[in-house]
Amino acid sequence: MISAFMLHDRFFVNADDALAFYGFARTNDCEGVTIPSQRAYVHYYASLMNDVRLQERVRDKSLIYTLRSVRLVTLPLAFSRDKCELCLRIRRLLPQEASWTSKAPTITEIRTEELTLSPEDVMGPGPPPRSVYDYIDSLPMAEEILNSDGEKVGTRSVVPVADFSGPCTLPLSGDLRVELIQRRGVHEDRLFHFWCNAAMLTSPKLVVRKWQLDGTSHSSTPQSPSASAGVDHVSSPSYHSLKVQVQRVLSRNM
């Protein structure tokens with residue numbers, strides 16, 4: 001990727017600068033690299049170029065993790081517990097391709113105060129340029145309540161969450177693809193996915209925001225409420241967040 005090459009050849013030392021220059025020089029709309037996981041891996045490369053310890057972690061073939069839990073904050077708008085179920089699928093490419101699929105999650109509602117994130121929790125690339133996410137604070141996760149004119153009239157005090165906490169038998173190493181699947185009988189729909197690299201997980205907790213997910217709707221305008229409704233619950237622009245808990249394993253057993 002050209003943005004990563006510019007970091008490698010020291011045209012830039014900052015991932016955002018490299019991505020911005022690529023967008024300006026190579027695309028008419030100046031948006032450049034728009035796929036969230038590609039932007040994330042450019043940030044990975046910038047971190048590797050500036051941190052010898054991270055380079056050693058990537059070369060350490062014995063470094064593996066085990067998944068402890070995943071929490072999905074807010075549920076897909078089309079999801080119905082009576083008609084379908086959610087599951088999580090993780091695909092590992094190396095040293096050999098393998099995958100693991102979770103059981104259905106536990107779905108509850110929790111107060112928004114319990115979802116407060118610290119700045120240390122919010123890592124990775126920020127919102128793409130000129131996106132709807134540019135104007136929001138990266139920390140709130142609450143859903144807004146809008147009236148029929150699109151005006152904010154309040155914020156929900158509770159948020160639905162799906163907790164995937166069953167045992168994961170897949171050792172996590174190298175590049176990983178994490179998918180959220182919606183099942184209706186034998187039919188499956190992939191709602192979104194994202195890529196990450198296990199060696200780059202320097203914290204036991206990984207928080208992934210909507211703009212860091214591939215396959216979701218990243219429209220330039222917020223979702224509009226129905227004109228016939230008096231008050232609608234409309235997900236905030238931060239709709240969909242994943243909190244992934246992992247634990248390092250000291251020995252490899254595959």
# chains A, B, ... in the order shown; residues from 1 in each chain; ligands from 1
$ residues_around --residues "Thr108 (chain A)" --least-positions-apart "5" --cutoff "7 Å" --atoms "only C-alpha atoms" --output "list in words"
Pro160, Val161 and Ala162 of chain A
$ residues_around --residues "Arg81 (chain A)" --least-positions-apart "6" --cutoff "12 Å" --atoms "only C-alpha atoms" --output "list in words"
Leu75, Ala104, Pro105, Thr106, Ile107, Thr108, Ala162, Gln182, Arg183 and Arg184 of chain A
$ residues_around --residues "Ser37 (chain A)" --least-positions-apart "2" --cutoff "7 Å" --atoms "only C-alpha atoms" --output "ChimeraX atom specification"
/A:35,39-41,194-195,212,214
$ residues_around --residues "region 88-97 of chain A" --least-positions-apart "6" --cutoff "9 Å" --atoms "only C-alpha atoms" --output "list in words"
Val70, Lys103, Ala104, Pro105, Phe164, Leu170, Pro171, Leu172, Ser173, Gly174, Asp175, Leu176, Arg177, Val178, Glu179, Leu180, Ile181 and Gln182 of chain A
$ write_last_selection --atoms "C-alpha atoms" --output "compact mmCIF listing (two decimals), in the first residue's frame"
# COMPACT_ATOMS: atom_id res chain seq x y z
CA VAL A 70 -16.68 -9.93 23.47
CA LYS A 103 -22.81 -19.66 20.54
CA ALA A 104 -25.64 -17.14 20.78
CA PRO A 105 -24.83 -14.26 23.15
CA PHE A 164 -20.31 -13.43 23.92
CA LEU A 170 -9.06 -21.05 18.79
CA PRO A 171 -5.59 -19.77 19.80
CA LEU A 172 -5.29 -16.19 18.55
CA SER A 173 -2.13 -15.27 16.66
CA GLY A 174 -1.16 -13.32 13.57
CA ASP A 175 -3.84 -11.67 11.44
CA LEU A 176 -7.42 -12.27 12.61
CA ARG A 177 -10.74 -11.58 10.93
CA VAL A 178 -13.63 -11.09 13.39
CA GLU A 179 -17.15 -11.32 11.93
CA LEU A 180 -20.62 -10.71 13.38
CA ILE A 181 -23.10 -13.16 11.85
CA GLN A 182 -26.90 -13.08 11.92
$ atom_distance --atom1 "CA of Lys210 (chain A)" --atom2 "CA of His193 (chain A)"
10.3 Å
$ closest_residue --among "A:Leu115, A:Ala46, A:Met123, A:Val159" --to "Lys205 (chain A)" --atoms "only C-alpha atoms"
A:Met123
$ closest_residue --among "A:Gly126, A:Lys61, A:Thr66, A:Pro36" --to "Phe192 (chain A)" --atoms "only C-alpha atoms"
A:Pro36
$ residues_around --residues "Ile110 (chain A)" --least-positions-apart "6" --cutoff "12 Å" --atoms "only C-alpha atoms" --output "list in words"
Arg71, Leu72, Val73, Thr74, Thr116, Met141, Ala142, Arg156, Ser157, Val158, Val159, Pro160, Val161, Ala162 and Asp163 of chain A
$ write_last_selection --atoms "N, CA and C atoms" --output "PDB file, in the first residue's frame"
ATOM      1  N   ARG A  71     -18.100  -8.013  23.885  1.00  0.00           N
ATOM      2  CA  ARG A  71     -19.366  -7.312  24.133  1.00  0.00           C
ATOM      3  C   ARG A  71     -19.691  -6.425  22.940  1.00  0.00           C
ATOM      4  N   LEU A  72     -20.868  -6.627  22.372  1.00  0.00           N
ATOM      5  CA  LEU A  72     -21.382  -5.774  21.306  1.00  0.00           C
ATOM      6  C   LEU A  72     -22.313  -4.747  21.933  1.00  0.00           C
ATOM      7  N   VAL A  73     -21.984  -3.473  21.774  1.00  0.00           N
ATOM      8  CA  VAL A  73     -22.775  -2.392  22.365  1.00  0.00           C
ATOM      9  C   VAL A  73     -23.746  -1.855  21.320  1.00  0.00           C
ATOM     10  N   THR A  74     -25.021  -1.934  21.625  1.00  0.00           N
ATOM     11  CA  THR A  74     -26.178  -1.696  20.755  1.00  0.00           C
ATOM     12  C   THR A  74     -26.290  -2.826  19.736  1.00  0.00           C
ATOM     13  N   THR A 116     -18.761   3.971  30.035  1.00  0.00           N
ATOM     14  CA  THR A 116     -17.800   5.064  29.904  1.00  0.00           C
ATOM     15  C   THR A 116     -16.410   4.510  29.605  1.00  0.00           C
ATOM     16  N   MET A 141     -21.338   6.461  24.275  1.00  0.00           N
ATOM     17  CA  MET A 141     -21.922   5.336  23.558  1.00  0.00           C
ATOM     18  C   MET A 141     -23.447   5.360  23.609  1.00  0.00           C
ATOM     19  N   ALA A 142     -24.042   6.363  24.255  1.00  0.00           N
ATOM     20  CA  ALA A 142     -25.492   6.380  24.444  1.00  0.00           C
ATOM     21  C   ALA A 142     -26.218   6.642  23.132  1.00  0.00           C
ATOM     22  N   ARG A 156     -31.074   7.941  25.824  1.00  0.00           N
ATOM     23  CA  ARG A 156     -31.516   6.747  26.535  1.00  0.00           C
ATOM     24  C   ARG A 156     -30.629   6.495  27.743  1.00  0.00           C
ATOM     25  N   SER A 157     -31.251   6.064  28.839  1.00  0.00           N
ATOM     26  CA  SER A 157     -30.482   5.784  30.056  1.00  0.00           C
ATOM     27  C   SER A 157     -29.899   4.386  30.051  1.00  0.00           C
ATOM     28  N   VAL A 158     -30.440   3.511  29.198  1.00  0.00           N
ATOM     29  CA  VAL A 158     -29.918   2.149  29.092  1.00  0.00           C
ATOM     30  C   VAL A 158     -29.624   1.840  27.632  1.00  0.00           C
ATOM     31  N   VAL A 159     -28.705   0.914  27.418  1.00  0.00           N
ATOM     32  CA  VAL A 159     -28.280   0.531  26.076  1.00  0.00           C
ATOM     33  C   VAL A 159     -28.292  -0.991  25.985  1.00  0.00           C
ATOM     34  N   PRO A 160     -28.839  -1.578  24.909  1.00  0.00           N
ATOM     35  CA  PRO A 160     -28.796  -3.032  24.760  1.00  0.00           C
ATOM     36  C   PRO A 160     -27.390  -3.503  24.395  1.00  0.00           C
ATOM     37  N   VAL A 161     -26.963  -4.593  25.002  1.00  0.00           N
ATOM     38  CA  VAL A 161     -25.649  -5.162  24.716  1.00  0.00           C
ATOM     39  C   VAL A 161     -25.792  -6.665  24.522  1.00  0.00           C
ATOM     40  N   ALA A 162     -24.889  -7.238  23.742  1.00  0.00           N
ATOM     41  CA  ALA A 162     -24.818  -8.686  23.542  1.00  0.00           C
ATOM     42  C   ALA A 162     -23.453  -9.154  24.024  1.00  0.00           C
ATOM     43  N   ASP A 163     -23.435 -10.054  24.989  1.00  0.00           N
ATOM     44  CA  ASP A 163     -22.189 -10.559  25.566  1.00  0.00           C
ATOM     45  C   ASP A 163     -21.909 -11.971  25.066  1.00  0.00           C
TER      46      ASP A 163
END
$ atom_distance --atom1 "CA of Asp60 (chain A)" --atom2 "CA of Leu19 (chain A)"
28.5 Å
$ closest_residue --among "A:Leu63, A:Ala4, A:Val58, A:Val207" --to "Gln38 (chain A)" --atoms "only C-alpha atoms"
A:Ala4
$ select_by_dssp --residues "region 97-211 of chain A" --states "helix (DSSP H, G or I)" --output "PyMOL selection string"
chain A and resi 112-115+119-121+132-135+198-200+210-211
$ write_last_selection --atoms "N, CA and C atoms" --output "compact mmCIF listing (two decimals), in the first residue's frame"
# COMPACT_ATOMS: atom_id res chain seq x y z
N THR A 112 -25.92 3.51 30.69
CA THR A 112 -24.87 4.11 29.88
C THR A 112 -23.64 4.47 30.71
N GLU A 113 -23.85 4.73 32.02
CA GLU A 113 -22.71 5.07 32.87
C GLU A 113 -21.69 3.93 32.92
N GLU A 114 -22.14 2.70 32.73
CA GLU A 114 -21.25 1.55 32.79
C GLU A 114 -20.42 1.40 31.52
N LEU A 115 -20.73 2.18 30.50
CA LEU A 115 -20.03 2.07 29.22
C LEU A 115 -18.99 3.17 29.02
N PRO A 119 -9.70 7.55 27.67
CA PRO A 119 -8.99 7.80 26.41
C PRO A 119 -8.04 6.66 26.04
N GLU A 120 -7.51 5.93 27.04
CA GLU A 120 -6.60 4.83 26.76
C GLU A 120 -7.32 3.67 26.07
N ASP A 121 -8.64 3.58 26.28
CA ASP A 121 -9.41 2.50 25.67
C ASP A 121 -9.65 2.72 24.18
N VAL A 132 -19.53 11.40 9.00
CA VAL A 132 -20.48 11.84 10.00
C VAL A 132 -19.88 11.76 11.40
N TYR A 133 -18.82 10.97 11.57
CA TYR A 133 -18.23 10.76 12.88
C TYR A 133 -17.29 11.89 13.30
N ASP A 134 -16.95 12.77 12.37
CA ASP A 134 -15.98 13.82 12.67
C ASP A 134 -16.44 14.75 13.79
N TYR A 135 -17.74 14.94 13.90
CA TYR A 135 -18.23 15.97 14.83
C TYR A 135 -18.59 15.42 16.20
N ALA A 198 -2.84 -10.01 16.29
CA ALA A 198 -2.69 -10.37 17.69
C ALA A 198 -1.42 -9.77 18.29
N ALA A 199 -0.36 -9.70 17.52
CA ALA A 199 0.91 -9.18 18.04
C ALA A 199 0.81 -7.70 18.38
N MET A 200 -0.16 -6.99 17.79
CA MET A 200 -0.31 -5.56 18.05
C MET A 200 -1.22 -5.29 19.24
N LYS A 210 -17.52 2.04 15.43
CA LYS A 210 -18.19 1.73 14.17
C LYS A 210 -17.34 2.10 12.96
N TRP A 211 -16.66 3.23 13.01
CA TRP A 211 -15.88 3.64 11.84
C TRP A 211 -14.64 2.75 11.63
$ residues_around --residues "Asp16 (chain A)" --least-positions-apart "5" --cutoff "10 Å" --atoms "only C-alpha atoms" --output "ChimeraX atom specification"
/A:3,21-22,39,42-43,46,125-126,128
$ residues_around --residues "His8 (chain A)" --least-positions-apart "4" --cutoff "12 Å" --atoms "only C-alpha atoms" --output "list in words"
Met1, Ile2, Ser3, Ala4, Phe12, Val13, Asn14, Ala15, Ala18, Val42, His43, Tyr44, Tyr45, Ala46, Ser47, Leu48, Met49 and Asn50 of chain A
$ write_last_selection --atoms "C-alpha atoms" --output "PDB file, in the first residue's frame"
ATOM      1  CA  MET A   1       0.000   0.000   0.000  1.00  0.00           C
ATOM      2  CA  ILE A   2       1.293   3.432  -0.959  1.00  0.00           C
ATOM      3  CA  SER A   3       0.548   5.002   2.435  1.00  0.00           C
ATOM      4  CA  ALA A   4       2.599   2.302   4.182  1.00  0.00           C
ATOM      5  CA  PHE A  12       6.009  10.716   6.737  1.00  0.00           C
ATOM      6  CA  VAL A  13       6.320   9.432  10.306  1.00  0.00           C
ATOM      7  CA  ASN A  14       2.626   9.783  11.179  1.00  0.00           C
ATOM      8  CA  ALA A  15      -0.054   7.458   9.741  1.00  0.00           C
ATOM      9  CA  ALA A  18       0.457   9.626   5.105  1.00  0.00           C
ATOM     10  CA  VAL A  42      -1.422   1.694   8.035  1.00  0.00           C
ATOM     11  CA  HIS A  43      -1.517   2.781  11.685  1.00  0.00           C
ATOM     12  CA  TYR A  44      -0.050  -0.609  12.632  1.00  0.00           C
ATOM     13  CA  TYR A  45       2.846  -0.032  10.244  1.00  0.00           C
ATOM     14  CA  ALA A  46       3.488   3.456  11.613  1.00  0.00           C
ATOM     15  CA  SER A  47       3.646   1.994  15.132  1.00  0.00           C
ATOM     16  CA  LEU A  48       6.052  -0.720  13.985  1.00  0.00           C
ATOM     17  CA  MET A  49       8.346   1.825  12.331  1.00  0.00           C
ATOM     18  CA  ASN A  50       8.619   3.781  15.584  1.00  0.00           C
TER      19      ASN A  50
END
$ atom_distance --atom1 "CA of Gly124 (chain A)" --atom2 "CA of Phe24 (chain A)"
21.5 Å
